[in-house]
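As stored in model_30.cif (mmCIF, C-alpha atoms):
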data_coords
#
loop_
_atom_site.group_PDB
_atom_site.id
_atom_site.type_symbol
_atom_site.label_atom_id
_atom_site.label_comp_id
_atom_site.auth_asym_id
_atom_site.auth_seq_id
_atom_site.Cartn_x
_atom_site.Cartn_y
_atom_site.Cartn_z
ATOM 1 C CA MET S 214 0.000 0.000 0.000
ATOM 2 C CA ILE S 215 1.109 3.540 -0.707
ATOM 3 C CA TYR S 216 0.740 5.931 2.195
ATOM 4 C CA SER S 217 0.657 9.677 1.883
ATOM 5 C CA THR S 218 1.152 12.670 4.123
ATOM 6 C CA ALA S 219 -0.108 15.937 2.721
ATOM 7 C CA LYS S 220 -1.893 19.052 3.884
ATOM 8 C CA ILE S 221 -4.653 20.807 1.981
ATOM 9 C CA VAL S 222 -6.105 24.123 3.133
ATOM 10 C CA ILE S 223 -9.187 25.345 1.258
ATOM 11 C CA ASP S 224 -10.721 28.614 2.379
ATOM 12 C CA GLY S 225 -9.213 28.296 5.849
ATOM 13 C CA ILE S 226 -10.313 24.673 6.461
ATOM 14 C CA VAL S 227 -7.396 22.283 7.003
ATOM 15 C CA TYR S 228 -7.514 18.745 5.629
ATOM 16 C CA ASP S 229 -4.616 16.635 6.942
ATOM 17 C CA LEU S 230 -4.084 13.703 4.644
ATOM 18 C CA ASP S 231 -1.985 11.268 6.583
ATOM 19 C CA ALA S 232 -1.494 7.542 6.645
ATOM 20 C CA GLU S 233 -4.529 7.054 8.884
ATOM 21 C CA ASN S 234 -7.161 8.650 6.660
ATOM 22 C CA PHE S 235 -5.693 8.878 3.168
ATOM 23 C CA MET S 236 -4.317 6.223 0.881
ATOM 24 C CA PRO S 237 -4.141 7.072 -2.840
ATOM 25 C CA LEU S 238 -4.987 3.549 -3.927
ATOM 26 C CA GLN S 239 -8.042 3.252 -1.685
ATOM 27 C CA TRP S 240 -10.369 6.106 -2.626
ATOM 28 C CA ASP S 241 -13.023 5.214 -0.057
ATOM 29 C CA LEU S 242 -10.661 6.196 2.772
ATOM 30 C CA ARG S 243 -10.393 9.837 1.668
ATOM 31 C CA PRO S 244 -11.730 12.381 4.157
ATOM 32 C CA PRO S 245 -15.458 12.773 3.393
ATOM 33 C CA ARG S 246 -15.308 16.566 3.949
ATOM 34 C CA LEU S 247 -12.600 16.914 1.289
ATOM 35 C CA ARG S 248 -14.561 14.688 -1.118
ATOM 36 C CA SER S 249 -17.593 16.938 -0.714
ATOM 37 C CA VAL S 250 -15.539 20.110 -1.351
ATOM 38 C CA LEU S 251 -13.893 18.801 -4.535
ATOM 39 C CA GLY S 252 -16.901 16.887 -5.848
ATOM 40 C CA HIS S 253 -15.014 13.626 -6.467
ATOM 41 C CA ASP S 254 -12.029 11.694 -5.207
ATOM 42 C CA GLN S 255 -10.424 10.337 -8.366
ATOM 43 C CA PHE S 256 -7.039 12.014 -7.996
ATOM 44 C CA THR S 257 -3.677 11.161 -6.441
ATOM 45 C CA ILE S 258 -1.780 13.360 -3.983
ATOM 46 C CA GLY S 259 1.810 12.345 -3.182
ATOM 47 C CA ASP S 260 3.801 12.640 0.041
ATOM 48 C CA TRP S 261 4.677 16.047 1.486
ATOM 49 C CA VAL S 262 2.367 18.002 -0.785
ATOM 50 C CA LEU S 263 1.156 21.390 0.442
ATOM 51 C CA ILE S 264 -1.962 22.968 -1.041
ATOM 52 C CA VAL S 265 -3.171 26.332 0.295
ATOM 53 C CA GLN S 266 -5.907 27.922 -1.832
ATOM 54 C CA LYS S 267 -9.109 29.905 -1.360
ATOM 55 C CA LYS S 268 -10.740 28.074 -4.256
ATOM 56 C CA LEU S 269 -9.519 24.722 -5.569
ATOM 57 C CA SER S 270 -10.774 22.477 -8.353
ATOM 58 C CA ILE S 271 -9.016 19.203 -9.195
ATOM 59 C CA GLY S 272 -10.094 17.190 -12.223
ATOM 60 C CA ALA S 273 -10.381 13.423 -12.432
ATOM 61 C CA ARG S 274 -7.265 11.278 -12.835
ATOM 62 C CA THR S 275 -4.973 14.143 -11.828
ATOM 63 C CA GLN S 276 -1.696 13.435 -10.066
ATOM 64 C CA VAL S 277 0.108 15.841 -7.742
ATOM 65 C CA SER S 278 3.490 14.230 -7.047
ATOM 66 C CA ALA S 279 5.568 14.243 -3.887
ATOM 67 C CA GLY S 280 6.892 17.573 -2.661
ATOM 68 C CA ALA S 281 4.688 19.716 -4.908
ATOM 69 C CA LYS S 282 3.386 22.999 -3.532
ATOM 70 C CA LEU S 283 0.175 24.592 -4.820
ATOM 71 C CA VAL S 284 0.076 27.769 -2.759
ATOM 72 C CA GLY S 285 -0.916 31.424 -2.888
ATOM 73 C CA ASN S 286 -4.283 31.483 -1.150
ATOM 74 C CA SER S 287 -6.220 32.416 -4.279
ATOM 75 C CA GLU S 288 -7.779 30.301 -7.067
ATOM 76 C CA LEU S 289 -6.368 27.191 -8.734
ATOM 77 C CA ILE S 290 -8.217 25.178 -11.379
ATOM 78 C CA ILE S 291 -6.679 21.853 -12.398
ATOM 79 C CA GLY S 292 -8.236 19.987 -15.309
ATOM 80 C CA GLU S 293 -8.461 16.250 -15.930
ATOM 81 C CA ASP S 294 -5.427 14.008 -16.524
ATOM 82 C CA VAL S 295 -2.971 16.666 -15.317
ATOM 83 C CA VAL S 296 0.405 15.802 -13.766
ATOM 84 C CA VAL S 297 2.136 18.214 -11.400
ATOM 85 C CA SER S 298 5.506 16.543 -10.982
ATOM 86 C CA TYR S 299 7.914 16.278 -8.051
ATOM 87 C CA ASN S 300 8.744 19.510 -6.204
ATOM 88 C CA ALA S 301 6.884 21.669 -8.728
ATOM 89 C CA VAL S 302 5.474 24.941 -7.382
ATOM 90 C CA VAL S 303 2.273 26.633 -8.554
ATOM 91 C CA LEU S 304 1.874 30.126 -7.063
ATOM 92 C CA THR S 305 -1.511 31.841 -7.291
ATOM 93 C CA GLY S 306 -0.302 34.698 -5.103
ATOM 94 C CA THR S 307 3.099 36.264 -4.625
ATOM 95 C CA ASP S 308 4.785 39.345 -3.181
ATOM 96 C CA THR S 309 5.865 42.194 -5.442
ATOM 97 C CA SER S 310 8.696 44.639 -4.948
ATOM 98 C CA HIS S 311 6.264 47.548 -4.478
ATOM 99 C CA GLY S 312 5.534 46.807 -0.837
ATOM 100 C CA LYS S 313 7.546 48.003 2.114
ATOM 101 C CA TYR S 314 8.379 44.377 2.933
ATOM 102 C CA MET S 315 8.401 41.043 1.108
ATOM 103 C CA ASN S 316 8.042 38.964 4.223
ATOM 104 C CA ASP S 317 5.186 36.705 5.315
ATOM 105 C CA ALA S 318 5.760 37.710 8.937
ATOM 106 C CA ARG S 319 4.765 41.312 8.174
ATOM 107 C CA PRO S 320 1.135 42.440 8.079
ATOM 108 C CA GLY S 321 -0.592 42.504 4.702
ATOM 109 C CA SER S 322 -0.918 46.298 4.862
ATOM 110 C CA GLU S 323 2.874 46.604 4.567
ATOM 111 C CA ARG S 324 3.164 44.164 1.676
ATOM 112 C CA ALA S 325 2.105 44.359 -1.965
ATOM 113 C CA VAL S 326 0.737 40.928 -2.773
ATOM 114 C CA VAL S 327 -0.574 39.938 -6.187
ATOM 115 C CA ARG S 328 -3.264 37.277 -6.103
ATOM 116 C CA GLY S 329 -4.649 35.743 -9.247
ATOM 117 C CA LYS S 330 -5.799 32.573 -10.889
ATOM 118 C CA VAL S 331 -3.853 29.675 -12.380
ATOM 119 C CA ILE S 332 -5.583 27.295 -14.770
ATOM 120 C CA LEU S 333 -3.944 23.988 -15.676
ATOM 121 C CA GLU S 334 -5.989 22.684 -18.591
ATOM 122 C CA ASP S 335 -6.713 19.023 -19.365
ATOM 123 C CA GLY S 336 -3.730 16.780 -20.020
ATOM 124 C CA CYS S 337 -0.963 19.269 -19.264
ATOM 125 C CA PHE S 338 2.275 18.269 -17.547
ATOM 126 C CA ILE S 339 4.259 20.430 -15.129
ATOM 127 C CA GLY S 340 7.816 19.073 -14.877
ATOM 128 C CA ALA S 341 9.846 18.422 -11.738
ATOM 129 C CA GLY S 342 10.975 21.582 -9.990
ATOM 130 C CA ALA S 343 9.085 23.870 -12.384
ATOM 131 C CA ILE S 344 7.555 27.097 -11.075
ATOM 132 C CA VAL S 345 4.311 28.530 -12.432
ATOM 133 C CA SER S 346 3.628 31.931 -10.894
ATOM 134 C CA VAL S 347 1.204 34.797 -11.320
ATOM 135 C CA HIS S 348 2.799 38.186 -11.942
ATOM 136 C CA GLU S 349 1.599 41.710 -11.288
ATOM 137 C CA LYS S 350 1.202 42.254 -15.047
ATOM 138 C CA ARG S 351 -0.328 38.802 -15.580
ATOM 139 C CA PRO S 352 -2.566 37.853 -12.658
ATOM 140 C CA CYS S 353 -4.130 34.979 -14.614
ATOM 141 C CA ILE S 354 -1.910 32.217 -15.991
ATOM 142 C CA ARG S 355 -3.266 29.481 -18.252
ATOM 143 C CA ILE S 356 -1.302 26.364 -19.165
ATOM 144 C CA GLY S 357 -2.991 25.017 -22.308
ATOM 145 C CA LYS S 358 -4.333 21.567 -23.090
ATOM 146 C CA ARG S 359 -1.629 18.901 -23.401
ATOM 147 C CA ALA S 360 1.132 21.496 -22.909
ATOM 148 C CA VAL S 361 4.400 20.357 -21.343
ATOM 149 C CA VAL S 362 6.342 22.621 -18.996
ATOM 150 C CA GLY S 363 9.846 21.183 -18.757
ATOM 151 C CA ALA S 364 11.638 20.451 -15.502
ATOM 152 C CA SER S 365 13.079 23.510 -13.714
ATOM 153 C CA SER S 366 11.183 25.965 -15.941
ATOM 154 C CA TYR S 367 9.935 29.307 -14.627
ATOM 155 C CA ILE S 368 6.595 30.277 -16.162
ATOM 156 C CA ASN S 369 4.899 33.625 -15.549
ATOM 157 C CA ARG S 370 2.760 33.858 -18.679
ATOM 158 C CA ASP S 371 0.312 31.728 -20.633
ATOM 159 C CA VAL S 372 1.484 28.565 -22.347
ATOM 160 C CA PRO S 373 -0.436 27.749 -25.548
ATOM 161 C CA PRO S 374 -2.039 24.311 -25.989
ATOM 162 C CA ASN S 375 0.067 21.464 -27.426
ATOM 163 C CA THR S 376 3.415 23.154 -26.835
ATOM 164 C CA VAL S 377 6.578 22.136 -25.037
ATOM 165 C CA ILE S 378 8.484 24.709 -22.982
ATOM 166 C CA HIS S 379 12.206 24.034 -22.494
ATOM 167 C CA PRO S 380 13.902 25.567 -19.444
ATOM 168 C CA ALA S 381 17.376 25.670 -21.011
ATOM 169 C CA TYR S 382 16.279 28.432 -23.365
ATOM 170 C CA SER S 383 14.524 31.619 -22.341
ATOM 171 C CA TRP S 384 11.234 30.729 -24.041
ATOM 172 C CA VAL S 385 11.154 28.043 -26.696
ATOM 173 C CA GLU S 386 7.911 26.635 -27.946
ATOM 174 C CA GLU S 387 7.616 23.545 -30.067
ATOM 175 C CA ALA S 388 4.420 22.300 -31.569
ATOM 176 C CA ARG S 389 3.432 19.042 -29.984
ATOM 177 C CA THR S 390 1.905 16.661 -32.486
ATOM 178 C CA TRP S 391 -0.050 13.509 -31.885
ATOM 179 C CA ASN S 392 0.509 10.473 -34.067
ATOM 180 C CA THR S 393 -2.659 8.407 -34.091
ATOM 181 C CA THR S 394 -0.978 5.285 -35.523
ATOM 182 C CA ARG S 395 1.600 3.385 -33.535
ATOM 183 C CA ARG S 396 4.729 2.209 -35.235
ATOM 184 C CA ARG S 397 6.077 -1.157 -34.266
ATOM 185 C CA LYS S 398 9.832 -1.622 -33.946
ATOM 186 C CA ARG S 399 11.177 -4.608 -35.832
#

For this file, write the structure as C-alpha cells.
Amino acid sequence: MIYSTAKIVIDGIVYDLDAENFMPLQWDLRPPRLRSVLGHDQFTIGDWVLIVQKKLSIGARTQVSAGAKLVGNSELIIGEDVVVSYNAVVLTGTDTSHGKYMNDARPGSERAVVRGKVILEDGCFIGAGAIVSVHEKRPCIRIGKRAVVGASSYINRDVPPNTVIHPAYSWVEEARTWNTTRRRKR
C-alpha cells in the first residue's frame, strides 16, 4: 500500500491527509469533507504536498506528485489528466517589490501581494521543480491543453495548448503533435 502525508487548506479549512485517513490507492478512505468540497475523489496526492488555496478544483485522474506545492491562497483550477511533478510549485499569489516588505511575517498592509488565478488545462504536464507563478502584469496564468512545462522551468505567462516549454532556453515553444498510428519496432 502507498501511504501519503499531505496538507490541503481550502478557504481556511485544514484537511490533513496522513497515513490514517488517506491512501491514494483506496479512494473510499479519503476524508469525506474533502470529497464533498472537490466533488469527487479520483485524484492522487503524493507525500509532502502542500496545497493552500481559497478556491480549488481538481479534475479526475490528476496526479500531484511528492513535494509539490500549490500555494498562494487564491484560485487554482486543475483539469483532468494533469500531472504536477515532483517539487513543482504553482503560485496563485506572490509578493511584489512595491511593498515596504516582502516577508510573510509582516502584516498585509505593509506588503504588496498579487493574487490571481492559475488554470492547468486538461492533459498538461508540469515538470519536476518547475515554477508557475502569477505576476503583477499577468494575474491569470493558463497552461494550455496537453502542454508540457519542462523540468526547472519558470513560467509567468500563458502557455499555448500542445506546446513544449524548455527551461534551457529563455522561451522556446515547439508544436506538440499527436501520431494516431503506432509504429512497431522490428

Inset, instruction - Within 10 Å of S:Val362, counting all atoms listed in the file, which residues show up once you throw out same-chain ones fewer than 3 positions away? Write them as a list in words, please. - result: Val297, Cys337, Phe338, Ile339, Gly340, Ala341, Ala343, Ile344, Val345, Ile356, Arg359, Ser365, Ser366, Tyr367, Ile368, Val372, Thr376, Val377, Ile378, His379, Pro380 and Glu386 of chain S

Inset, instruction - List, as JSON, numbers by chain, every residue that the PyMOL selection byres ((chain S and resi 321-330) around 12) selects in the file provided. - result: {"S": [266, 267, 268, 269, 270, 283, 284, 285, 286, 287, 288, 289, 290, 291, 303, 304, 305, 306, 307, 308, 309, 310, 311, 312, 313, 314, 315, 316, 317, 318, 319, 320, 331, 332, 333, 345, 346, 347, 348, 349, 350, 351, 352, 353, 354, 355, 356, 369, 370, 371]}

For the residues in the current selection, export C-alpha atoms as a tab-separated table (two decimals), in the frame of the given file.
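Wrote it out as selection-v3.tsv, contents follow:
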chain	number	residue	atom	x	y	z
S	266	GLN	CA	-5.91	27.92	-1.83
S	267	LYS	CA	-9.11	29.90	-1.36
S	268	LYS	CA	-10.74	28.07	-4.26
S	269	LEU	CA	-9.52	24.72	-5.57
S	270	SER	CA	-10.77	22.48	-8.35
S	283	LEU	CA	0.18	24.59	-4.82
S	284	VAL	CA	0.08	27.77	-2.76
S	285	GLY	CA	-0.92	31.42	-2.89
S	286	ASN	CA	-4.28	31.48	-1.15
S	287	SER	CA	-6.22	32.42	-4.28
S	288	GLU	CA	-7.78	30.30	-7.07
S	289	LEU	CA	-6.37	27.19	-8.73
S	290	ILE	CA	-8.22	25.18	-11.38
S	291	ILE	CA	-6.68	21.85	-12.40
S	303	VAL	CA	2.27	26.63	-8.55
S	304	LEU	CA	1.87	30.13	-7.06
S	305	THR	CA	-1.51	31.84	-7.29
S	306	GLY	CA	-0.30	34.70	-5.10
S	307	THR	CA	3.10	36.26	-4.62
S	308	ASP	CA	4.78	39.34	-3.18
S	309	THR	CA	5.86	42.19	-5.44
S	310	SER	CA	8.70	44.64	-4.95
S	311	HIS	CA	6.26	47.55	-4.48
S	312	GLY	CA	5.53	46.81	-0.84
S	313	LYS	CA	7.55	48.00	2.11
S	314	TYR	CA	8.38	44.38	2.93
S	315	MET	CA	8.40	41.04	1.11
S	316	ASN	CA	8.04	38.96	4.22
S	317	ASP	CA	5.19	36.70	5.32
S	318	ALA	CA	5.76	37.71	8.94
S	319	ARG	CA	4.76	41.31	8.17
S	320	PRO	CA	1.14	42.44	8.08
S	331	VAL	CA	-3.85	29.68	-12.38
S	332	ILE	CA	-5.58	27.30	-14.77
S	333	LEU	CA	-3.94	23.99	-15.68
S	345	VAL	CA	4.31	28.53	-12.43
S	346	SER	CA	3.63	31.93	-10.89
S	347	VAL	CA	1.20	34.80	-11.32
S	348	HIS	CA	2.80	38.19	-11.94
S	349	GLU	CA	1.60	41.71	-11.29
S	350	LYS	CA	1.20	42.25	-15.05
S	351	ARG	CA	-0.33	38.80	-15.58
S	352	PRO	CA	-2.57	37.85	-12.66
S	353	CYS	CA	-4.13	34.98	-14.61
S	354	ILE	CA	-1.91	32.22	-15.99
S	355	ARG	CA	-3.27	29.48	-18.25
S	356	ILE	CA	-1.30	26.36	-19.16
S	369	ASN	CA	4.90	33.62	-15.55
S	370	ARG	CA	2.76	33.86	-18.68
S	371	ASP	CA	0.31	31.73	-20.63

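You will find atom CA of S:Gly357 at 26.4 Å from atom CA of S:Asp260.
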
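Reported to one decimal place, the separation of atom CA of S:Pro373 from atom CA of S:Ala279 is 26.2 Å.
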
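The space between atom CA of S:Tyr299 and atom CA of S:Ala281 spans 5.7 Å.
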
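Distance annotation: of S:Glu293, S:Ser278, S:Asn375, S:Val262, the residue with the minimal separation from S:Val222 is S:Val262; atom set is only C-alpha atoms.
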
Legend entry - Neighbour list for S:Gly342 as a count of residues only, cut-off 6 Å, only C-alpha atoms, skip fewer than 2 positions in-chain: 4

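Nearest residue to S:Val296, choosing from S:Gln255, S:Leu263, S:Val361, S:Gly280 and counting all atoms listed in the file: S:Val361.
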
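Selection result for the displayed file, with the PyMOL selection byres ((chain S and resi 258) around 6) as criterion, is Thr257, Gly259 and Val277 of chain S.
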